[in-house]
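Student: Have a look at this one before I ask anything.
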Amino acid sequence: MCWQGRRLRMGREGLLSPQMLWLLLWVQLCRGAAEVRLVDGGRRCAGRVEVKHGGQWGTVCGDYWSMNDAAVVCKQLDCGSAVGAPQYGHFGPGSGPIWMDDVGCNGTESALSDCPHRGWGKHNCDHRWDAGVMCSEYTGFRLVNGSTACAGRVEVQVLGTWGTLCASHWDLSDAHVLCRQLNCGFAESIPGGERFGREAGPVWRDSFHCDGTEAHLGQCPVITLGASPCSHGNNAAVICSAAFASLRLVGGGSHCDGRVEIFQRGTWGRVLDDQWDLREANVVCRQLQCGQAETAYNPPKPERGMGPVGLRGVRCAGHETNLTQCNTSLPESALAGGVAEDVGVICWGSRRVRLVNGSGRCAGRVEIYYQGSWGTVCDDGWDLSDAAVVCHQLGCGGAVEAPGFARFGEGSGQIWLDGVNCSGAEAALWDCPARPWGQHDCGHKEDVGVICSEFVALRLENSDGCSGRLQVFYNGTWGSICSNSMTPNTVSLACKELGCGDGGSLETRLPYGRLSGPAWLDNVQCGEKTSSFWQCPSTPWDPQSCEDLQDEIHITCNVFLSSGRRPEMSPAPLAPCPNSMSCTDREKIRAVGGEDGCSGRVEVWHRGSWGTVCDDSWDMQDAEVACRQLGCGPAVSALNEAAFGMGQGPIWLEQVECRGTEPSLQHCWARPGDGGERQGWDLLFRCWQGAGEGLLPTWSWHGP
């Protein structure tokens, strides 16, 4: 039992004695970490964050809530890694005190109560802003049947049950992350078949899609929906370099570029040299299986190491397979001519491609990592053959669309490639004919994008977005989801994915008839512990998964207002949609006060009347969505402070947070307005009418 009673006496100088400091530290440790739990998420490892303080449970305000904060909660609850940190009442409002606000974890704390915050009970929130957490169900990773702990068949523990990982989408990027996570260096190879024995127990069909920089496999995007059954013996495996591999590169954007460190006598140390060149760099790149060296350099002062020196002075001929085979016993006189500094390399294998600013890993602006920095690609000559190479390189299937004109926003920094002319069969984008690196006649307004066939999205086909036919976007087309063998949790996870509450009901009175479009999925079987709709097992993707209208899934979600109550029906009938009997997204927005229908103050139609949108955080990404919804092409500017005059009527939306690719403002995350008539900060925009934009199907983002 901890001592709490006696006041600590200070010395004459006003400072605590060492004994008193020790006692104070002991008292603090005795208090222990505050208990934490997740509520209303449908499972133990997801939900609204609640903390117990002073014997009473309370919530956490979502202000500045981040993935670092969520990671600490998941760690404290032994729920694997964090995969989501929703703000603003995603899991419904709590009750009682709001114990914490402005939480600022760095991710390494062992408990949420160890993180900085305003102070217990000090906040400027209400329960509409309660923070939430979604943790991965992956609670363990290991390699089995290898000669060491750093080689073998990949096994994953899913909430206590170990199983073998299927290798259908397993690649070196995934393997690099796992090796790093297990403190086993980097991945040397990913042998197929049954190199490390036959699987025992369940086989997980989860597909990890890492870019190679993640610290933990559980941080990578995961897709299970639509995965094919795992063929016999198709087990994921990896042979890691292990700790004895002695070299690593730190501070770069991949495991193939950065400052060189060497592992000796149980410690990582810096490598210093005064004549570091491509001969030494080639040996390092070869040892790390990163191809040839592109650059040998001395890092600038802010990037230099601070730890012990492992190697000072090295001379290689360039043909060695290991840095320790070079001459590393140089006399002091050999180093007298210059100053030995930290050394770094950029290897050919550091080149990477990614898609950014889209609403999924398989759609977005194309960016290439080259010479240690990210840059874009110009749209001169860009077509589906070029896009196909990017999609294949990222494991995203084929190319559906190859948009130019910065459809996914303008990038920054270098424009690395121009005049790309792929045949479609190349293994990487930089294998295609193109102008020399960095030579172009473009601006970032011409940055290219890609939409791949594996880009997936979910929607409920109805004007309110939270009821109707459940559809999935795959291979460039919206299609139905069939209801055969569907579990009750499927409805719940679909509603949560769409931000439409924590559950719903399945509609059963459906007409007879044949489906007119594709039906992509069937047997969607979400379990009680499944964390995401996209991780639910199902039959493989097939456009003819069912044929009858009665087999489609139609659901109505339990949409909660900010108060946490189900929406109440208005006692008086709502006014009809202004332009038709059935409102479409296009008819729910208008531009007022401008020269034409493509500039002016934004007004949206909601609950039978037009209202304005507050300009808190309004930016070009939000304006881009508004212009797309209006059919006015890309946005030219995003204005504020009522430049087109103050609006009238209610304020329907506040703090709109679009990613720029949503088909309408209704698909963006936003705080609901209070319906009051506080004008003066209405948002405004101008669109470019030179070219119309097609609607891009996207994930329905309902959180920042």
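Identifiers for the structure tokens are assigned positionally: chains receive A, B, ... in sequence, residues are indexed from 1 per chain, and ligands are indexed from 1 in the order shown.
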Please build the interface table for segment 351-388 of chain A against segment 650-660 of chain A with a cut-off of 8 Å, listing for each qualifying residue the nearest atom pair and the distance in Å to one decimal; count only C-alpha atoms, order rows by chain and increasing number, and write it as a tab-separated table.

Tutor:
residue	atom	partner	partner_atom	distance
A:Asn357	CA	A:Arg659	CA	6.6
A:Gly358	CA	A:Arg659	CA	7.3
A:Ser359	CA	A:Arg659	CA	7.2

Student: Might you pull out every residue within 6 Å of segment 409-424 of chain A, with only C-alpha atoms counted and same-chain residues fewer than 2 positions away left off, and present them as JSON, numbers by chain?

Tutor: {"A": [375, 376, 377, 378, 380, 381, 385, 386, 388, 389, 406, 407, 426, 432, 433, 434, 435, 437, 438, 440, 444, 445]}

Student: So that I can see what lies close to Ala227 of chain A, please list as a ChimeraX atom specification the residues with an atom at most 9 Å from it, counting only C-alpha atoms and leaving out residues fewer than 2 positions away in the same chain.

Tutor: /A:168,205-207,223-225,229-230,537-541

Student: Can you tell me which residues surround Gly310 of chain A at a distance of at most 8 Å, considering only C-alpha atoms, apart from same-chain residues fewer than 4 positions away, and format the answer as an MDAnalysis selection string?

Tutor: chainID A and resid 261:264 268:271

Student: For the atom pair atom CA of Leu521 of chain A and atom CA of Met486 of chain A, what is the interatomic distance in Å to one decimal place?

Tutor: 10.7 Å

Student: For the atom pair atom CA of Val448 of chain A and atom CA of Asp211 of chain A, what is the interatomic distance in Å to one decimal place?

Tutor: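 Between these atoms lies a distance of 19.9 Å.
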
Student: Give the strand (DSSP E) residues of segment 193-409 of chain A, as assigned by DSSP on the backbone, as JSON, numbers by chain.

Tutor: {"A": [203, 204, 207, 208, 222, 223, 237, 238, 239, 240, 247, 248, 249, 250, 251, 257, 258, 259, 260, 261, 262, 263, 264, 267, 268, 269, 270, 271, 272, 273, 293, 294, 295, 296, 297, 309, 310, 311, 312, 341, 342, 344, 345, 346, 347, 352, 353, 354, 355, 356, 357, 358, 359, 360, 363, 364, 365, 366, 367, 368, 369, 370, 373, 374, 375, 376, 377, 399, 400, 401]}

Student: Please determine, counting only C-alpha atoms, which residue among A:Glu341, A:Asp548, A:Asp69, A:Glu603 has the shortest atom-to-atom distance to Gly517 of chain A.

Tutor: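 Checking each candidate against Gly517 of chain A, we get A:Asp548 as the closest.
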
Student: A:Gly318, A:Gly479, A:Gly41, A:Pro97: which is nearest Thr530 of chain A, counting only C-alpha atoms?

Tutor: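 Checking each of A:Gly318, A:Gly479, A:Gly41, A:Pro97 against Thr530 of chain A, counting only C-alpha atoms, the winner is A:Gly41.
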
Student: Show me a table, sorted first by chain and then by increasing residue number, of the residues of segment 196-280 of chain A having an atom at most 8 Å from segment 140-147 of chain A, each with its shortest atom pair and the distance in Å to one decimal, counting only C-alpha atoms and written as CSV.

Tutor:
residue,atom,partner,partner_atom,distance
A:Phe196,CA,A:Asn145,CA,5.4
A:Gly197,CA,A:Asn145,CA,6.8
A:Ala237,CA,A:Leu143,CA,7.7
A:Val238,CA,A:Leu143,CA,8.0

Student: Convert the current residue selection to file output with N, CA and C atoms, as a compact mmCIF listing (two decimals), in the first residue's frame.

Tutor:
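Ended up saving to selection-v3.txt:
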# COMPACT_ATOMS: atom_id res chain seq x y z
N PHE A 196 9.36 -24.12 -45.61
CA PHE A 196 9.43 -24.22 -44.14
C PHE A 196 8.28 -25.07 -43.58
N GLY A 197 7.90 -26.09 -44.33
CA GLY A 197 6.91 -27.04 -43.83
C GLY A 197 5.49 -26.64 -44.15
N ALA A 237 6.44 -16.74 -46.51
CA ALA A 237 7.69 -17.05 -45.80
C ALA A 237 8.70 -15.95 -46.08
N VAL A 238 9.71 -15.88 -45.24
CA VAL A 238 10.76 -14.88 -45.43
C VAL A 238 12.06 -15.36 -44.80

Student: Just to confirm, what's the straight-line distance from atom CA of Asp379 of chain A to atom CA of Glu367 of chain A in Å (one decimal)?

Tutor: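 Separating atom CA of Asp379 of chain A from atom CA of Glu367 of chain A is a distance of 12.3 Å.
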
Student: Which of these residues is nearest to Gln292 of chain A, using only C-alpha atoms: A:Gln56, A:Asn235, A:Thr324, A:Ser350?

Tutor: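 With only C-alpha atoms as the atom set, the closest residue is A:Ser350.
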